[in-house]
>>> print(open('input.txt').read())   # compact mmCIF, C-alpha atoms and all ligand atoms
# COMPACT_ATOMS: atom_id res chain seq x y z
CA GLU A 1 71.82 117.71 105.88
CA TYR A 2 72.10 113.99 105.17
CA GLY A 3 72.59 113.17 101.52
CA MET A 4 73.61 116.74 100.86
CA GLU A 5 77.39 116.37 101.15
CA LYS A 6 79.33 117.71 98.23
CA PRO A 7 81.00 114.96 96.22
CA ARG A 8 84.39 114.49 97.76
CA GLY A 9 87.38 114.96 95.53
CA TYR A 10 90.84 113.73 96.19
CA ASN A 11 91.91 114.81 99.68
CA VAL A 12 95.48 115.35 100.81
CA SER A 13 96.28 116.31 104.40
CA PHE A 14 99.51 117.73 105.81
CA HIS A 15 100.22 116.93 109.46
CA TYR A 16 102.80 119.17 111.00
CA ASN A 17 103.55 120.52 114.47
CA PRO A 18 106.11 123.34 114.05
CA HIS A 19 107.52 122.83 117.56
CA VAL A 20 109.47 119.86 116.18
CA GLU A 21 111.81 122.28 114.34
CA TYR A 22 113.41 123.74 117.42
CA HIS A 23 115.14 120.58 118.63
CA HIS A 24 118.85 120.01 118.18
CA PHE A 25 120.72 116.69 118.25
CA GLY A 26 124.03 118.59 118.67
CA SER A 27 126.05 120.66 116.21
CA SER A 28 128.09 117.80 114.66
CA HIS A 29 125.12 115.44 114.40
CA PRO A 30 123.82 114.91 110.84
CA MET A 31 120.12 114.81 111.81
CA LYS A 32 118.85 118.40 111.55
CA PRO A 33 115.21 118.97 112.49
CA TRP A 34 115.39 122.46 110.92
CA ARG A 35 115.33 120.76 107.48
CA LEU A 36 111.59 120.63 108.29
CA THR A 37 111.54 124.44 108.52
CA LEU A 38 113.05 124.63 105.04
CA THR A 39 110.55 122.09 103.74
CA LYS A 40 107.59 123.99 105.17
CA GLN A 41 108.87 127.30 103.74
CA LEU A 42 109.06 125.81 100.24
CA VAL A 43 105.62 124.21 100.54
CA LEU A 44 104.12 127.54 101.59
CA ALA A 45 106.06 129.57 99.01
CA TYR A 46 104.58 127.46 96.21
CA GLY A 47 101.10 127.89 97.69
CA LEU A 48 100.58 124.18 98.20
CA GLU A 49 98.70 124.82 101.46
CA TYR A 50 95.70 125.84 99.31
CA CYS A 51 95.60 122.36 97.78
CA MET A 52 95.40 120.37 101.00
CA GLU A 53 94.14 120.37 104.59
CA LEU A 54 96.64 121.47 107.22
CA TYR A 55 96.64 119.90 110.69
CA GLU A 56 98.70 120.83 113.74
CA PRO A 57 98.60 117.58 115.74
CA ARG A 58 99.08 117.37 119.50
CA PRO A 59 102.01 115.37 120.87
CA ALA A 60 101.35 111.65 121.46
CA THR A 61 100.94 110.64 125.11
CA PHE A 62 102.98 108.14 127.12
CA ASP A 63 100.09 105.64 126.98
CA GLU A 64 99.77 105.99 123.21
CA LEU A 65 103.48 105.30 122.72
CA ALA A 66 103.17 102.28 125.07
CA ILE A 67 100.98 100.53 122.46
CA PHE A 68 104.30 99.54 120.87
CA HIS A 69 107.12 100.51 123.23
CA ASP A 70 108.00 98.99 126.62
CA ARG A 71 106.96 101.16 129.57
CA GLU A 72 110.41 100.85 131.23
CA TYR A 73 111.99 102.21 128.07
CA LEU A 74 109.45 105.05 127.86
CA SER A 75 109.99 105.93 131.54
CA PHE A 76 113.69 106.23 130.91
CA LEU A 77 113.17 108.23 127.70
CA SER A 78 110.70 110.61 129.33
CA ASN A 79 112.95 111.31 132.32
CA VAL A 80 116.46 111.47 130.91
CA THR A 81 117.99 114.94 130.38
CA PRO A 82 121.48 116.14 129.44
CA GLN A 83 121.80 117.20 133.12
CA ASN A 84 120.82 113.91 134.80
CA ALA A 85 122.19 111.48 132.17
CA LYS A 86 124.86 109.06 133.40
CA PRO A 87 126.58 107.86 130.20
CA ASP A 88 128.20 104.87 132.00
CA ASP A 89 124.85 103.75 133.42
CA GLN A 90 123.72 100.24 132.40
CA ALA A 91 120.21 101.34 131.43
CA TYR A 92 121.54 104.27 129.40
CA LEU A 93 123.63 102.05 127.14
CA ALA A 94 121.17 99.14 127.13
CA PHE A 95 118.42 101.43 125.82
CA GLY A 96 120.69 102.56 122.96
CA PHE A 97 121.70 106.05 124.13
CA GLY A 98 125.13 107.58 123.63
CA GLY A 99 127.78 104.94 123.05
CA ASP A 100 130.81 105.38 120.82
CA SER A 101 128.91 106.53 117.74
CA ASN A 102 126.50 108.77 119.72
CA ASP A 103 123.86 108.12 117.08
CA CYS A 104 121.14 108.69 119.68
CA PRO A 105 122.24 111.53 121.95
CA VAL A 106 120.24 112.81 124.91
CA PHE A 107 119.35 116.44 124.13
CA ASP A 108 117.12 119.15 125.61
CA GLY A 109 113.45 118.51 124.92
CA LEU A 110 114.03 114.94 123.68
CA TRP A 111 110.70 113.63 125.03
CA ASN A 112 108.89 116.59 123.52
CA TYR A 113 110.55 115.95 120.15
CA VAL A 114 109.64 112.25 120.02
CA SER A 115 106.05 112.77 121.15
CA ILE A 116 105.54 115.52 118.55
CA TYR A 117 106.70 113.53 115.51
CA SER A 118 104.85 110.43 116.74
CA GLY A 119 101.65 112.39 117.38
CA ALA A 120 101.78 113.63 113.80
CA SER A 121 102.05 110.12 112.31
CA MET A 122 99.19 108.89 114.48
CA ASN A 123 97.05 111.89 113.56
CA ALA A 124 97.76 111.20 109.88
CA ALA A 125 96.78 107.53 110.30
CA TYR A 126 93.49 108.54 111.98
CA ASN A 127 92.70 110.75 108.99
CA LEU A 128 93.03 107.76 106.68
CA LEU A 129 90.94 105.59 109.02
CA ASN A 130 88.02 108.02 109.12
CA LYS A 131 88.37 108.66 105.38
CA GLN A 132 89.03 112.38 105.77
CA SER A 133 92.13 111.91 103.60
CA ASP A 134 93.21 109.82 100.65
CA VAL A 135 96.85 110.77 101.25
CA ALA A 136 98.10 111.93 104.68
CA ILE A 137 101.61 113.42 104.93
CA ASN A 138 103.95 113.73 107.94
CA TRP A 139 107.45 114.82 106.91
CA SER A 140 108.61 114.90 110.56
CA GLY A 141 108.11 111.13 111.00
CA GLY A 142 109.59 107.99 109.46
CA LEU A 143 112.00 107.01 112.23
CA HIS A 144 112.28 103.40 111.11
CA HIS A 145 115.16 102.03 113.25
CA ALA A 146 113.61 102.35 116.74
CA LYS A 147 112.80 99.05 118.51
CA LYS A 148 110.31 98.52 121.33
CA ASN A 149 112.99 98.94 123.98
CA LEU A 150 115.91 100.42 122.04
CA ALA A 151 116.92 103.71 120.43
CA SER A 152 118.89 103.15 117.22
CA GLY A 153 120.20 105.17 114.26
CA PHE A 154 118.78 108.61 115.25
CA CYS A 155 115.39 106.99 116.05
CA TYR A 156 113.93 106.82 119.58
CA ILE A 157 110.23 106.12 118.98
CA ASN A 158 109.01 104.16 115.98
CA ASP A 159 106.16 106.37 114.77
CA ILE A 160 105.74 104.14 111.70
CA VAL A 161 104.94 101.05 113.78
CA LEU A 162 102.46 103.07 115.87
CA ALA A 163 100.72 104.38 112.74
CA ILE A 164 100.56 100.91 111.16
CA GLN A 165 99.08 99.52 114.39
CA LEU A 166 96.29 102.10 114.05
CA LEU A 167 95.74 101.24 110.38
CA LEU A 168 95.48 97.55 111.32
CA THR A 169 92.34 98.27 113.37
CA GLN A 170 90.44 98.61 110.08
CA ASN A 171 92.70 97.10 107.43
CA GLN A 172 93.36 93.42 106.94
CA ARG A 173 96.64 94.00 105.06
CA VAL A 174 98.99 97.01 105.26
CA LEU A 175 101.98 97.38 102.93
CA TYR A 176 105.04 99.24 104.22
CA ILE A 177 107.48 100.58 101.59
CA ASP A 178 110.78 102.23 102.56
CA ILE A 179 112.98 104.20 100.11
CA ASP A 180 115.32 105.65 102.75
CA VAL A 181 118.92 104.64 101.85
CA HIS A 182 118.99 102.61 105.10
CA HIS A 183 117.24 99.30 105.80
CA GLY A 184 113.89 99.73 107.60
CA ASP A 185 114.87 97.16 110.22
CA GLY A 186 112.72 98.40 113.13
CA VAL A 187 109.45 98.21 111.19
CA GLU A 188 110.39 94.81 109.72
CA ALA A 189 111.19 93.42 113.20
CA ALA A 190 108.00 94.80 114.78
CA PHE A 191 105.76 92.92 112.34
CA GLU A 192 107.89 89.86 111.69
CA SER A 193 105.30 87.48 113.13
CA THR A 194 102.23 88.65 111.27
CA ASP A 195 101.04 88.26 107.70
CA ARG A 196 98.91 91.42 108.04
CA VAL A 197 101.88 93.70 107.35
CA PHE A 198 104.25 93.24 104.42
CA THR A 199 107.51 95.21 104.66
CA LEU A 200 109.51 96.19 101.55
CA SER A 201 112.76 98.13 101.90
CA TYR A 202 115.16 99.42 99.24
CA HIS A 203 118.57 100.32 100.68
CA LYS A 204 122.33 100.42 100.36
CA PHE A 205 123.77 97.12 101.60
CA GLY A 206 127.40 96.02 101.80
CA ILE A 207 130.74 96.16 103.52
CA ASP A 208 132.96 99.19 102.91
CA ARG A 209 136.69 99.21 102.18
CA ASN A 210 137.27 100.01 105.86
CA GLY A 211 135.55 96.73 106.80
CA TYR A 212 132.42 98.33 108.32
CA PRO A 213 128.97 97.37 107.04
CA PHE A 214 126.72 100.19 105.87
CA PHE A 215 124.29 100.94 108.75
CA PRO A 216 122.44 98.96 110.11
CA GLY A 217 124.12 96.02 108.34
CA THR A 218 120.94 93.99 107.73
CA GLY A 219 118.58 93.62 104.77
CA ASN A 220 120.22 91.27 102.29
CA ILE A 221 118.02 89.74 99.56
CA ASN A 222 117.75 86.41 101.41
CA GLU A 223 116.35 88.05 104.59
CA MET A 224 112.63 87.45 104.22
CA GLY A 225 111.49 87.40 107.83
CA PRO A 226 111.14 84.28 110.00
CA THR A 227 112.14 80.94 108.50
CA ASP A 228 109.87 78.77 110.67
CA PRO A 229 107.01 77.62 108.38
CA ALA A 230 104.63 77.81 111.37
CA ASN A 231 105.29 81.55 111.64
CA ARG A 232 102.59 83.55 109.87
CA GLY A 233 105.12 86.28 109.06
CA LYS A 234 107.23 83.97 106.91
CA GLY A 235 107.87 85.49 103.50
CA HIS A 236 106.22 88.79 104.44
CA SER A 237 109.39 90.92 104.22
CA LEU A 238 111.26 91.77 101.05
CA ASN A 239 114.66 93.44 101.08
CA ILE A 240 116.30 94.99 98.02
CA PRO A 241 120.05 95.43 98.69
CA ILE A 242 121.63 98.02 96.36
CA ASP A 243 125.25 99.06 95.82
CA ASP A 244 126.77 102.58 95.67
CA GLY A 245 125.87 105.07 92.96
CA ILE A 246 122.60 103.68 91.54
CA ASP A 247 121.18 106.06 88.91
CA ASP A 248 117.68 107.34 88.12
CA ASP A 249 116.76 104.89 85.37
CA GLN A 250 117.94 101.80 87.25
CA TYR A 251 116.20 102.81 90.47
CA LYS A 252 112.92 103.76 88.78
CA TRP A 253 112.78 100.46 86.91
CA LEU A 254 113.70 98.46 90.02
CA PHE A 255 111.15 100.31 92.13
CA LYS A 256 108.20 100.11 89.75
CA THR A 257 108.80 96.47 88.86
CA VAL A 258 109.23 95.14 92.39
CA THR A 259 106.71 97.42 94.11
CA GLY A 260 104.15 96.70 91.40
CA ALA A 261 104.56 92.95 91.86
CA VAL A 262 104.20 93.25 95.65
CA ILE A 263 101.05 95.36 95.41
CA ASP A 264 99.52 92.99 92.84
CA LYS A 265 100.25 89.87 94.88
CA TYR A 266 99.68 91.15 98.42
CA ASN A 267 96.74 93.45 97.56
CA PRO A 268 97.03 95.79 100.58
CA THR A 269 94.08 97.95 101.64
CA ALA A 270 96.41 100.69 102.93
CA ILE A 271 100.00 101.67 102.14
CA VAL A 272 102.64 103.44 104.25
CA LEU A 273 105.54 104.96 102.28
CA GLN A 274 108.67 106.06 104.15
CA SER A 275 110.28 108.56 101.77
CA GLY A 276 113.68 109.11 103.39
CA ALA A 277 115.61 111.67 101.32
CA ASP A 278 119.07 110.27 102.06
CA SER A 279 118.76 108.19 98.87
CA LEU A 280 119.37 111.39 96.82
CA GLY A 281 122.64 112.16 95.09
CA GLY A 282 124.91 114.35 97.21
CA ASP A 283 123.46 113.27 100.56
CA ARG A 284 125.90 113.61 103.46
CA LEU A 285 125.40 109.99 104.59
CA GLY A 286 123.87 108.30 101.53
CA ARG A 287 125.55 106.59 98.58
CA PHE A 288 123.01 106.75 95.78
CA ASN A 289 122.90 109.11 92.80
CA LEU A 290 119.18 109.85 92.52
CA ASN A 291 117.68 113.11 91.33
CA ILE A 292 114.64 114.67 92.99
CA LYS A 293 112.22 113.63 90.24
CA ALA A 294 113.39 109.99 90.33
CA HIS A 295 112.77 109.94 94.10
CA GLY A 296 109.37 111.56 93.50
CA PHE A 297 108.61 108.95 90.85
CA CYS A 298 108.35 106.41 93.68
CA VAL A 299 105.73 108.53 95.45
CA GLU A 300 103.80 109.03 92.23
CA THR A 301 103.92 105.32 91.38
CA VAL A 302 102.54 104.32 94.79
CA LYS A 303 99.93 107.10 94.82
CA ASN A 304 98.62 105.97 91.44
CA TYR A 305 97.54 102.63 92.92
CA GLY A 306 94.80 104.66 94.62
CA ARG A 307 94.95 103.00 98.04
CA PRO A 308 94.84 105.05 101.27
CA LEU A 309 98.40 106.32 101.60
CA LEU A 310 100.40 107.49 104.61
CA LEU A 311 103.47 109.37 103.36
CA ILE A 312 106.20 109.99 105.90
CA GLY A 313 109.75 111.39 105.97
CA GLY A 314 112.84 109.72 107.41
CA GLY A 315 116.53 110.33 106.76
CA GLY A 316 117.94 113.11 104.61
CA TYR A 317 121.17 114.88 105.54
CA THR A 318 121.64 117.61 102.95
CA PRO A 319 118.82 119.85 104.22
CA ARG A 320 118.31 122.02 101.10
CA ASN A 321 117.75 118.91 98.97
CA VAL A 322 115.55 117.25 101.60
CA ALA A 323 113.33 120.35 101.47
CA ARG A 324 113.28 120.37 97.66
CA THR A 325 112.36 116.69 97.50
CA TRP A 326 109.61 116.74 100.11
CA CYS A 327 108.12 119.91 98.59
CA HIS A 328 108.13 118.23 95.16
CA GLU A 329 106.51 115.10 96.62
CA THR A 330 103.84 117.16 98.38
CA ALA A 331 103.07 118.65 94.94
CA VAL A 332 102.97 115.16 93.40
CA CYS A 333 100.31 114.19 95.97
CA VAL A 334 98.06 117.15 95.19
CA GLY A 335 98.71 116.80 91.45
CA ALA A 336 100.49 120.15 91.00
CA GLU A 337 103.45 120.96 88.80
CA LEU A 338 105.94 123.43 90.25
CA HIS A 339 108.04 125.93 88.31
CA ASN A 340 111.78 125.33 88.53
CA ASP A 341 112.71 128.88 89.62
CA LEU A 342 112.25 129.06 93.36
CA PRO A 343 109.96 131.86 94.56
CA THR A 344 112.36 134.63 95.61
CA HIS A 345 110.40 135.88 98.63
CA ILE A 346 111.00 132.80 100.76
CA PRO A 347 112.81 133.01 104.09
CA TYR A 348 116.16 131.17 104.05
CA ILE A 349 116.40 131.62 100.24
CA GLN A 350 120.20 131.78 100.69
CA ALA A 351 120.14 128.08 101.61
CA PHE A 352 119.14 127.34 97.99
CA GLN A 353 121.28 129.92 96.15
CA GLY A 354 124.76 129.82 94.73
CA THR A 355 126.09 127.06 92.48
CA GLU A 356 127.07 124.82 95.41
CA ASN A 357 123.53 125.09 96.88
CA GLY A 358 121.60 124.34 93.70
CA GLY A 359 121.50 127.76 92.00
CA GLY A 360 118.10 128.98 93.24
CA ILE A 361 116.12 126.30 91.41
CA LEU A 362 113.89 123.49 92.63
CA TYR A 363 115.37 120.71 90.50
CA PRO A 364 119.17 121.02 90.38
CA ASP A 365 121.05 118.13 88.79
CA LEU A 366 122.26 116.07 91.75
CA HIS A 367 124.25 113.78 89.44
CA ASN A 368 126.71 116.65 89.22
CA THR A 369 127.73 115.88 92.77
CA LYS A 370 129.09 112.49 91.49
CA ARG A 371 130.64 111.41 94.73
CA HIS A 372 129.83 107.76 94.25
CA GLU A 373 130.74 105.74 91.21
CA ASN A 374 127.89 103.49 90.03
CA LEU A 375 128.75 99.94 91.11
CA ASN A 376 125.36 98.61 89.95
CA THR A 377 125.51 97.20 86.42
CA ASP A 378 122.24 96.76 84.53
CA VAL A 379 122.85 93.02 84.62
CA LYS A 380 123.10 93.09 88.43
CA VAL A 381 119.90 95.12 88.71
CA ARG A 382 118.06 92.65 86.47
CA LYS A 383 119.32 89.70 88.56
CA LEU A 384 118.13 91.49 91.70
CA VAL A 385 114.63 91.83 90.27
CA GLU A 386 114.62 88.14 89.32
CA GLN A 387 115.58 87.16 92.86
CA ALA A 388 112.94 89.48 94.33
CA MET A 389 110.28 87.85 92.12
CA GLU A 390 111.49 84.45 93.27
CA ASN A 391 111.12 85.55 96.91
CA LEU A 392 107.56 86.69 96.24
CA ARG A 393 106.48 83.18 95.31
CA TYR A 394 105.95 82.59 99.06
CA LEU A 395 102.91 84.83 98.81
CA GLU A 396 101.23 82.42 96.41
CA GLY A 397 101.01 79.95 99.32
O1 LIG B 401 127.24 103.66 111.41
C1 LIG B 401 126.77 103.98 112.50
C2 LIG B 401 127.28 103.43 113.81
C3 LIG B 401 128.69 102.99 113.86
N1 LIG B 401 128.26 101.87 114.72
C4 LIG B 401 128.85 100.63 114.67
C5 LIG B 401 126.90 102.07 114.21
N2 LIG B 401 125.77 104.88 112.60
C6 LIG B 401 125.22 105.61 111.48
C7 LIG B 401 123.72 105.75 111.71
C8 LIG B 401 122.92 106.14 110.50
C9 LIG B 401 121.44 106.32 110.86
C10 LIG B 401 120.52 106.59 109.68
C11 LIG B 401 119.10 106.92 110.12
C12 LIG B 401 118.04 106.89 109.03
O2 LIG B 401 117.91 105.63 108.43
C13 LIG B 401 116.62 107.21 109.60
C14 LIG B 401 116.45 108.56 110.22
O3 LIG B 401 118.34 107.81 108.00
C15 LIG B 401 125.90 106.94 111.46
C16 LIG B 401 126.58 107.55 110.42
C17 LIG B 401 126.79 107.03 109.07
N3 LIG B 401 127.60 107.72 108.27
O4 LIG B 401 126.25 106.04 108.70
N4 LIG B 401 125.98 107.77 112.50
C18 LIG B 401 126.66 108.88 112.12
N5 LIG B 401 127.03 108.75 110.83
C19 LIG B 401 126.96 110.01 112.98
C20 LIG B 401 127.84 111.00 112.54
C21 LIG B 401 128.12 112.08 113.38
C22 LIG B 401 127.54 112.17 114.64
C23 LIG B 401 126.66 111.18 115.06
C24 LIG B 401 126.37 110.10 114.24
CA CA B 402 115.08 101.68 102.88
ZN ZN B 403 118.45 106.71 106.33
>>> encode(input="input.txt", output="structure tokens")
Amino acid sequence: EYGMEKPRGYNVSFHYNPHVEYHHFGSSHPMKPWRLTLTKQLVLAYGLEYCMELYEPRPATFDELAIFHDREYLSFLSNVTPQNAKPDDQAYLAFGFGGDSNDCPVFDGLWNYVSIYSGASMNAAYNLLNKQSDVAINWSGGLHHAKKNLASGFCYINDIVLAIQLLLTQNQRVLYIDIDVHHGDGVEAAFESTDRVFTLSYHKFGIDRNGYPFFPGTGNINEMGPTDPANRGKGHSLNIPIDDGIDDDQYKWLFKTVTGAVIDKYNPTAIVLQSGADSLGGDRLGRFNLNIKAHGFCVETVKNYGRPLLLIGGGGYTPRNVARTWCHETAVCVGAELHNDLPTHIPYIQAFQGTENGGGILYPDLHNTKRHENLNTDVKVRKLVEQAMENLRYLEG
């Protein structure tokens, strides 16, 4: 059979374990795993499963998660239940659970949930390593705030760090790009002391009228990783702080200019793109004014560089628009164009119908939601790009 393989085309793989859908953070919590059910229904309704390979990955094991996370933290995470949790316990608070905000609640099946989404990111990374895929997708992953011994901002296990660690076994340089509306602080921190991972995050940054910083409060333009010149990680993080209400044209220009410069200068052999959908207009937690196609433009831009690409989810708190966006971006990866009228035979079609839910179409105008005035002038965006280019001069050594 050797020498008889058919010429390989462009391979996209979709890594999804449906058991992740059935977990609940609690009714008032904005993170809704069932947005993944909606996403999958749209992907199937458009027939995109015929354009890619589907995988149902097993959950990651304790030992696999311990490649990044502390074992004491994992022991706690794997044993804590809503029944045995002691919210005043030192360990409970120290590991980031509960607290005043209750960002990271303890819920039924928590360990199952985290091992499922992490297993999917690792499975996707393996597919890139053994060249089975050119693009590998895991919409259930992208939990970028988790630290090695700390749950933070709805994230318990950092599946992105684990996947990048796998990619590093065969890649000298991995580029991490993060378009979630929040700063990708956990991934940045994990690789702060190496020059083999470059982290680039676009996010809302600033203090609100009420005096609170937008979560997590880090990621200003001058934060470029360690400052010690002896540290190999120096200059290998780039943060793009953005104000409320940025529009499609500004974001697309900012993204293609800065990302293009980073790829040209750093020359990664693999790319990980966290495509958090909370940067869309009308998101429950986000502040930007992006439409679905402007968000998808980022995926398309990165894909067109032709490097092995791991595409993962992240935030996204208006589930119908999360599903629309991730379906559109799946189509971008396989090179398909989708008709705007949603197929009518899909389960949960009601979630997409009615004027307030986007009128039964795939690409509703999310500008119409206009909740956030645009505080980014074109002059400010241009200055931001200039500063980013200045920061990149570190890479020239
Ligand atoms: O702002 C905070 C708390 C307040 N403390 C001082 C910190 N938490 C945010 C967390 C946002 C996490 C985003 C995760 C991701 O980047 C990746 C999956 O998208 C927060 C917010 C908010 N509006 O920023 N928590 C909650 N809202 C929240 C609301 C209801 C119930 C539980 C948490
Ligand atoms: Ca981000
Ligand atoms: Zn987010």
>>> residues_near_ligand(input="input.txt", ligand="ligand ZN 403 (chain B)", cutoff="6 Å", atoms="all atoms listed in the file", output="number ranges by chain")
A: 180-182, 278, 315
>>> atom_distance(input="input.txt", atom1="CA of Asn391 in chain A", atom2="CA of Val187 in chain A")
19.2 Å
>>> residues_around(input="input.txt", residues="Gly245 in chain A", least_positions_apart="4", cutoff="12 Å", atoms="all atoms listed in the file", output="list in words")
Val181, His203, Lys204, Phe205, Asp249, Gln250, Tyr251, Ser279, Leu280, Gly281, Gly282, Asp283, Gly286, Arg287, Phe288, Asn289, Leu290, Asn291, Leu366, His367, Thr369, Lys370, Arg371, His372, Glu373, Asn374, Leu375, Asn376 and Thr377 of chain A
>>> closest_residue(input="input.txt", among="A:Ala388, A:Val80, A:Leu311, A:Leu273", to="ligand CA 402 (chain B)", atoms="only C-alpha atoms and all ligand atoms")
A:Leu273
>>> closest_residue(input="input.txt", among="A:Pro59, A:Pro213, A:Gly225, A:Gly260", to="Asn304 in chain A", atoms="only C-alpha atoms")
A:Gly260
>>> closest_residue(input="input.txt", among="A:Ile349, A:Leu54, A:Ile160, A:Leu110", to="Ile312 in chain A", atoms="all atoms listed in the file")
A:Ile160
>>> closest_residue(input="input.txt", among="A:Ala277, A:Ile67, A:Val43, A:Met122", to="ligand LIG 401 (chain B)", atoms="only C-alpha atoms and all ligand atoms")
A:Ala277
>>> closest_residue(input="input.txt", among="A:Leu166, A:Ala151, A:Ala230, A:Leu38", to="ligand LIG 401 (chain B)", atoms="all atoms listed in the file")
A:Ala151
>>> residues_around(input="input.txt", residues="range 123-140 of chain A", least_positions_apart="3", cutoff="7 Å", atoms="all atoms listed in the file", output="ChimeraX atom specification")
/A:10-16,36,57,117,119-120,163,166-167,308-313
>>> write_last_selection(input="input.txt", atoms="C-alpha atoms", output="PDB file, keeping the file's coordinate frame")
ATOM      1  CA  TYR A  10      90.840 113.730  96.190  1.00  0.00           C
ATOM      2  CA  ASN A  11      91.910 114.810  99.680  1.00  0.00           C
ATOM      3  CA  VAL A  12      95.480 115.350 100.810  1.00  0.00           C
ATOM      4  CA  SER A  13      96.280 116.310 104.400  1.00  0.00           C
ATOM      5  CA  PHE A  14      99.510 117.730 105.810  1.00  0.00           C
ATOM      6  CA  HIS A  15     100.220 116.930 109.460  1.00  0.00           C
ATOM      7  CA  TYR A  16     102.800 119.170 111.000  1.00  0.00           C
ATOM      8  CA  LEU A  36     111.590 120.630 108.290  1.00  0.00           C
ATOM      9  CA  PRO A  57      98.600 117.580 115.740  1.00  0.00           C
ATOM     10  CA  TYR A 117     106.700 113.530 115.510  1.00  0.00           C
ATOM     11  CA  GLY A 119     101.650 112.390 117.380  1.00  0.00           C
ATOM     12  CA  ALA A 120     101.780 113.630 113.800  1.00  0.00           C
ATOM     13  CA  ALA A 163     100.720 104.380 112.740  1.00  0.00           C
ATOM     14  CA  LEU A 166      96.290 102.100 114.050  1.00  0.00           C
ATOM     15  CA  LEU A 167      95.740 101.240 110.380  1.00  0.00           C
ATOM     16  CA  PRO A 308      94.840 105.050 101.270  1.00  0.00           C
ATOM     17  CA  LEU A 309      98.400 106.320 101.600  1.00  0.00           C
ATOM     18  CA  LEU A 310     100.400 107.490 104.610  1.00  0.00           C
ATOM     19  CA  LEU A 311     103.470 109.370 103.360  1.00  0.00           C
ATOM     20  CA  ILE A 312     106.200 109.990 105.900  1.00  0.00           C
ATOM     21  CA  GLY A 313     109.750 111.390 105.970  1.00  0.00           C
TER      22      GLY A 313
END
>>> residues_near_point(input="input.txt", point="(116.2, 89.1, 95.4)", cutoff="10 Å", atoms="all atoms listed in the file", output="MDAnalysis selection string")
chainID A and resid 220:224 238:241 258 381:392
>>> write_last_selection(input="input.txt", atoms="C-alpha atoms", output="mmCIF file, in the frame of the given file")
data_model
loop_
_atom_site.group_PDB
_atom_site.id
_atom_site.type_symbol
_atom_site.label_atom_id
_atom_site.label_comp_id
_atom_site.auth_asym_id
_atom_site.auth_seq_id
_atom_site.Cartn_x
_atom_site.Cartn_y
_atom_site.Cartn_z
ATOM 1 C CA ASN A 220 120.220 91.270 102.290
ATOM 2 C CA ILE A 221 118.020 89.740 99.560
ATOM 3 C CA ASN A 222 117.750 86.410 101.410
ATOM 4 C CA GLU A 223 116.350 88.050 104.590
ATOM 5 C CA MET A 224 112.630 87.450 104.220
ATOM 6 C CA LEU A 238 111.260 91.770 101.050
ATOM 7 C CA ASN A 239 114.660 93.440 101.080
ATOM 8 C CA ILE A 240 116.300 94.990 98.020
ATOM 9 C CA PRO A 241 120.050 95.430 98.690
ATOM 10 C CA VAL A 258 109.230 95.140 92.390
ATOM 11 C CA VAL A 381 119.900 95.120 88.710
ATOM 12 C CA ARG A 382 118.060 92.650 86.470
ATOM 13 C CA LYS A 383 119.320 89.700 88.560
ATOM 14 C CA LEU A 384 118.130 91.490 91.700
ATOM 15 C CA VAL A 385 114.630 91.830 90.270
ATOM 16 C CA GLU A 386 114.620 88.140 89.320
ATOM 17 C CA GLN A 387 115.580 87.160 92.860
ATOM 18 C CA ALA A 388 112.940 89.480 94.330
ATOM 19 C CA MET A 389 110.280 87.850 92.120
ATOM 20 C CA GLU A 390 111.490 84.450 93.270
ATOM 21 C CA ASN A 391 111.120 85.550 96.910
ATOM 22 C CA LEU A 392 107.560 86.690 96.240
#
>>> residues_around(input="input.txt", residues="Pro343 in chain A", least_positions_apart="2", cutoff="9 Å", atoms="only C-alpha atoms", output="JSON, numbers by chain")
{"A": [42, 45, 46, 339, 341, 345, 346, 349, 360, 361]}
>>> closest_residue(input="input.txt", among="A:Pro33, A:Gly153, A:Gly99, A:Pro216", to="ligand LIG 401 (chain B)", atoms="all atoms listed in the file")
A:Gly153
>>> residues_near_ligand(input="input.txt", ligand="ligand LIG 401 (chain B)", cutoff="7 Å", atoms="all atoms listed in the file", output="PyMOL selection string")
chain A and resi 28-30+101-103+142-145+153-155+180-183+214-216+276+278+285+314-316
>>> residues_around(input="input.txt", residues="Asn231 in chain A", least_positions_apart="4", cutoff="8 Å", atoms="only C-alpha atoms", output="count of residues only")
4
>>> atom_distance(input="input.txt", atom1="CA of Ile246 in chain A", atom2="CA of Ala146 in chain A")
26.8 Å
>>> decode(input="input.txt", residues="range 331-336 of chain A", atoms="N, CA and C atoms", output="PDB file, in the first residue's frame")
ATOM      1  N   ALA A 331     -17.613  26.815   9.100  1.00  0.00           N
ATOM      2  CA  ALA A 331     -17.751  26.894   7.644  1.00  0.00           C
ATOM      3  C   ALA A 331     -16.543  27.581   7.006  1.00  0.00           C
ATOM      4  N   VAL A 332     -16.061  28.646   7.649  1.00  0.00           N
ATOM      5  CA  VAL A 332     -14.857  29.337   7.151  1.00  0.00           C
ATOM      6  C   VAL A 332     -13.696  28.339   7.044  1.00  0.00           C
ATOM      7  N   CYS A 333     -13.544  27.488   8.037  1.00  0.00           N
ATOM      8  CA  CYS A 333     -12.432  26.518   8.036  1.00  0.00           C
ATOM      9  C   CYS A 333     -12.530  25.528   6.882  1.00  0.00           C
ATOM     10  N   VAL A 334     -13.745  25.051   6.598  1.00  0.00           N
ATOM     11  CA  VAL A 334     -13.887  24.073   5.511  1.00  0.00           C
ATOM     12  C   VAL A 334     -14.059  24.756   4.154  1.00  0.00           C
ATOM     13  N   GLY A 335     -14.140  26.082   4.156  1.00  0.00           N
ATOM     14  CA  GLY A 335     -14.266  26.825   2.902  1.00  0.00           C
ATOM     15  C   GLY A 335     -15.668  26.807   2.315  1.00  0.00           C
ATOM     16  N   ALA A 336     -16.690  26.737   3.188  1.00  0.00           N
ATOM     17  CA  ALA A 336     -18.084  26.730   2.709  1.00  0.00           C
ATOM     18  C   ALA A 336     -18.746  28.075   2.966  1.00  0.00           C
TER      19      ALA A 336
END
